[in-house]
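Written below as structure tokens is the structure these notes are about.
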Number of protein chains: 2
Amino acid sequence: MTRIVDLPTPALIVDRQKFDANVATMAAVRPGLTLRPHVKAHKSTALAAQLAAVGHTAFTCATPREIIGMVQAGLGSDLLLANETVDAQRLRAMAALQGAARVTVAIDSETTATLAAECGIKDVLIDVNVGLPRCGVAPERAAALASFAVSLGLNVRGVMGYEGHLMAVADRDEQRNKVRAAMELLVQCFDDVRGQCGDDCTIISAGGTGTFNLYDPSDPVLARVNEVQAGSYALMDSHYGALDLPFEQALYVVGTVISASDGWAVIDVGLKSLGMDHGNPTIDGASVWFCSDEHITFSMKDGRPLPSIGNRVIVQPAHVDPTIALHEVIHVVDQIPMIGVLSSGTDTSETVAGGKVIDVWPVNLRHW
Amino acid sequence: MTRIVDLPTPALIVDRQKFDANVATMAAVRPGLTLRPHVKAHKSTALAAQLAAVGHTAFTCATPREIIGMVQAGLGSDLLLANETVDAQRLRAMAALQGAARVTVAIDSETTATLAAECGIKDVLIDVNVGLPRCGVAPERAAALASFAVSLGLNVRGVMGYEGHLMAVADRDEQRNKVRAAMELLVQCFDDVRGQCGDDCTIISAGGTGTFNLYDPSDPVLARVNEVQAGSYALMDSHYGALDLPFEQALYVVGTVISASDGWAVIDVGLKSLGMDHGNPTIDGASVWFCSDEHITFSMKDGRPLPSIGNRVIVQPAHVDPTIALHEVIHVVDQIPMIGVLSSGTDTSETVAGGKVIDVWPVNLRHW
């Protein structure tokens with residue numbers, strides 16, 4: 001039996017109980033195909049299979065490699081590449097999968113439409129800019145783009161619009177109003193696009209973890225959003241954790257104390273095992289001084305004793321997605337008994353009571 | 001022939017001319033074994049082999065996986081693990097290499113010394129805290145630790161002290177004075193340690209790219225530092241680039257414009273292909289608005305035209321080490337013709353004049 005304290009560090013661990021609770025909470029609000037979980041959050045077909053098992057069998061992907069790996073893992077029944085690509089080789093590789101899988105590619109320009117068609121892609125979604133200055137056609141040009149795509153022989157399945165700029169609005173009423181306005185745009189685009197396309201044009205895809213429960217089924221506009229592209233909800237992070245969402249942090253990085261001085265301790269978790277774009281990680285009960293490539297230097301709060309060399313410390317990353325992208329595997333633990341410093345013993349051979357490792361999910365969809 | 005514009009993106013590219021110039025500049029100041037290049041900067045045995053070819057055949061490593069991979073690549077003549085580890089399995093794996101290679105492990109406590117000895121490690125270096133609050137024994141305890149290590153049968157090769165807190169001091173005179181004070185401590189530790197050890201105790205190892213030329217050979221203290229552990233110098237980044245160092249940025253990430261709107265463009269380089277701990281990357285001639293997982297949104301400065309979909313854009317990462325750790329390979333280009341937006345053409349099939357890809361260096365020492 002492997003336990004947390006037996007793992008070589010740094011190591012990603014996920015709390016199976018919290019993961020299951022997060023998945024169940026989401027599935028209650030967005031069951032089955034009303035959620036199109038985003039694979040980019042975890043880049044693991046083993047984790048994706050857990051979501052498929054509760055009914056979410058259509059997935060959102062960020063990269064061609066995610067699409068191809070999902071098909072290879074038998075999870076290709078309905079995959080959306082929610083990003084544009086102009087890489088002909090990768091478009092052709094995805095097109096070649098269309099016998100065994102359904103692959104839909106986002107387009108937001110005549111160029112991306114033309115390349116998709118030239119490379120043999122059949123299904124596309126019109127990506128609409130609903131306010132985030134990133135990809136997406138301007139709403140007033142969505143119908144013309146759909147018409148152009150149809151003229152190339154592409155099957156337009158609907159529209160998507162990612163209101164990413166609204167994921168972290170702290171005031172819930174303000175967020176609701178802004179999301180509604182964005183979705184009003186998107187739904188109007190859908191109606192415009194639908195006029196140019198066939199009966200297979202049915203998808204209105206949007207959202208993420210921060211907005212998953214704002215598509216009020218009693219609201220005539222919001223009820224029409226028929227897919228939510230949330231991904232982070234299953235594992236969560238301290239950034240999303242600051243919002244009032246019914247999901248709990250389930251993913252951590254475990255490290256080992258390798259050095260301890262009079263005023264601080266050092267673990268073998270550093271910025272090469274942590275996504276750092278949302279800032280430093282946190283350690284329960286401790287003050288993080290700084291992160292180096294392979295280290296975190298920290299001290300304890302409130303007069304708690306410093307841990308000893310060999311103790312395991314559980315670190316909370318600030319941003320889960322890029323943290324996972326730095327690791328080869330996620331270790332699934334039945335339950336993480338506590339976070340922060342696991343033991344203050346002094347013997348490196350000490351066996352700290354801790355969770356059992358019950359599964360390993362390879363992070364097998366990394367890179368592009 | 002593959003050129004920059006033919007690469008699937010995002011892709012790491014290194015300018016061979018600048019790389020060679022950086023390597024030559026360093027070798028002129030710290031030739032042969034007076035430099036112990038840090039492998040953590042690039043995690044590539046192919047790149048390390050380039051440094052060995054100009055005479056730097058002793059290397060610094062940050063992780064056991066780096067040590068093991070360097071030995072497997074035939075670069076194991078003198079490897080230093082400059083971090084502490086209490087992982088018995090990894091210590092034993094490194095000890096098992098000692099017939100084919102020389103492996104020296106940093107220790108800074110009785111615990112790390114004991115574990116090294118128990119796992120069969122022969123050679124150690126006393127890691128001394130010279131002011132950076134991270135690893136390293138307190139200077140006044142260095143000799144006692146060396147004596148303890150010798151009592152366990154370990155061969156103490158000398159001392160190391162990383163003055164990492166002084167790498168980025170902007171005022172050169174202030175930096176020089178502080179480095180000298182730190183090295184005075186380290187040299188004193190060496191003399192104390194040497195008194196406890198045999199004739200093989202010769203190493204005084206310190207420094208990095210930010211201090212590589214401060215070990216003045218005419219200064220009785222600084223001249224005694226006989227190894228510098230610089231790594232970033234060969235590739236550089238915008239953080240180090242802000243200092244007055246004679247090295248040029250040689251490593252970039254190339255992306256492709258996948259979407260362009262009225263006021264901005266988007267490339268397929270995001271925070272999963274960039275180390276973000278030093279902040280956002282830069283694009284020559286452009287203003288970076290923000291980074292998403294797979295995207296950078298940017299606009300052009302000074303009325304320059306926005307690039308078109310399909311254009312390649314060369315991005316300057318803020319921190320090289322963690323950027324490389326996100327990639328599988330580094331593409332070596334004979335010369336990068338220009339940075340920023342490679343072309344403002346509108347045809348995605350346009351062939352932009354650009355550097356030739358002349359080699360590929362796998363980033364084969366990632367993870368731990």
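Ordered as shown in the structure tokens, chains take letters A, B, and onward, while each chain numbers its residues from 1 and ligands are numbered from 1 in the order shown.
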Write out as JSON lines a residue-level contact list of chain B versus chain A with cut-off 6 Å: for each qualifying residue the closest pair of atoms and the distance in Å to one decimal, counting only C-alpha atoms, rows sorted by chain and residue number upward.
```
{"residue": "B:Glu84", "atom": "CA", "partner": "A:Ile258", "partner_atom": "CA", "distance": 5.9}
{"residue": "B:Thr85", "atom": "CA", "partner": "A:Ile258", "partner_atom": "CA", "distance": 5.8}
{"residue": "B:Arg134", "atom": "CA", "partner": "A:Thr297", "partner_atom": "CA", "distance": 5.9}
{"residue": "B:Cys135", "atom": "CA", "partner": "A:Ser259", "partner_atom": "CA", "distance": 5.6}
{"residue": "B:Ile258", "atom": "CA", "partner": "A:Thr85", "partner_atom": "CA", "distance": 5.8}
{"residue": "B:Ser259", "atom": "CA", "partner": "A:Cys135", "partner_atom": "CA", "distance": 5.6}
{"residue": "B:Lys272", "atom": "CA", "partner": "A:Pro322", "partner_atom": "CA", "distance": 5.6}
{"residue": "B:Met276", "atom": "CA", "partner": "A:Asp277", "partner_atom": "CA", "distance": 5.2}
{"residue": "B:Asp277", "atom": "CA", "partner": "A:Met276", "partner_atom": "CA", "distance": 5.2}
{"residue": "B:Thr297", "atom": "CA", "partner": "A:Arg134", "partner_atom": "CA", "distance": 5.9}
{"residue": "B:Pro322", "atom": "CA", "partner": "A:Lys272", "partner_atom": "CA", "distance": 5.6}
```
Could those residues be written to a file, using N, CA and C atoms, as a short mmCIF file (atom, residue, chain, number, x, y, z; two decimals), in the first residue's frame?
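The result, stored in again29.cif:
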```
data_model
loop_
_atom_site.label_atom_id
_atom_site.label_comp_id
_atom_site.auth_asym_id
_atom_site.auth_seq_id
_atom_site.Cartn_x
_atom_site.Cartn_y
_atom_site.Cartn_z
N GLU B 84 19.63 19.50 -1.51
CA GLU B 84 19.49 18.40 -0.57
C GLU B 84 18.34 17.49 -1.01
N THR B 85 18.47 16.22 -0.69
CA THR B 85 17.33 15.32 -0.86
C THR B 85 17.33 14.32 0.29
N ARG B 134 17.33 29.91 2.44
CA ARG B 134 16.86 28.70 1.76
C ARG B 134 17.66 27.55 2.36
N CYS B 135 18.28 26.74 1.57
CA CYS B 135 19.05 25.65 2.14
C CYS B 135 20.43 26.14 2.57
N ILE B 258 -3.68 33.16 -34.45
CA ILE B 258 -4.84 32.31 -34.78
C ILE B 258 -6.12 33.13 -34.89
N SER B 259 -6.07 34.39 -34.43
CA SER B 259 -7.27 35.22 -34.47
C SER B 259 -6.82 36.67 -34.49
N LYS B 272 0.76 28.00 -20.45
CA LYS B 272 1.22 26.61 -20.39
C LYS B 272 2.46 26.39 -21.24
N MET B 276 5.77 31.79 -15.80
CA MET B 276 5.07 33.04 -15.53
C MET B 276 5.48 33.67 -14.20
N ASP B 277 6.43 33.09 -13.49
CA ASP B 277 6.76 33.61 -12.16
C ASP B 277 7.42 34.98 -12.21
N THR B 297 -3.09 37.68 -25.80
CA THR B 297 -3.78 38.75 -26.52
C THR B 297 -2.86 39.97 -26.49
N PRO B 322 11.80 27.97 -16.14
CA PRO B 322 10.50 27.29 -16.09
C PRO B 322 9.78 27.26 -17.44
#
```
Please provide as a PyMOL selection string all residues within 12 Å of Ala100 in chain A, with the sequence filter that same-chain residues fewer than 3 positions apart are discarded (counting only C-alpha atoms). chain A and resi 68+70-79+94-97+103
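Of the listed residues (A:Ala170, A:Ala250, A:Val225, A:Cys189), A:Val225 comes nearest to Leu33 in chain A; the distances count only C-alpha atoms.
For the pair CA of Val159 in chain B and CA of Asn177 in chain B, the separation is 20.7 Å.
The spacing separating CA of Ile358 in chain A from CA of Leu47 in chain A amounts to 13.6 Å.
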Please report, as a list in words, each residue of range 212-284 of chain A to which DSSP assigns strand (DSSP E or B) when run on this structure's backbone. Glu227, Val228, Leu251, Tyr252, Val253, Val254, Gly255, Thr256, Val257, Ile258, Ser259, Ala260, Ala265, Val266, Ile267, Thr282 and Ile283 of chain A
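The residue that comes closest to Val288 in chain A, out of A:Pro139, A:Pro305, A:Pro317, A:Gly153 and on the basis of only C-alpha atoms, is A:Pro317.
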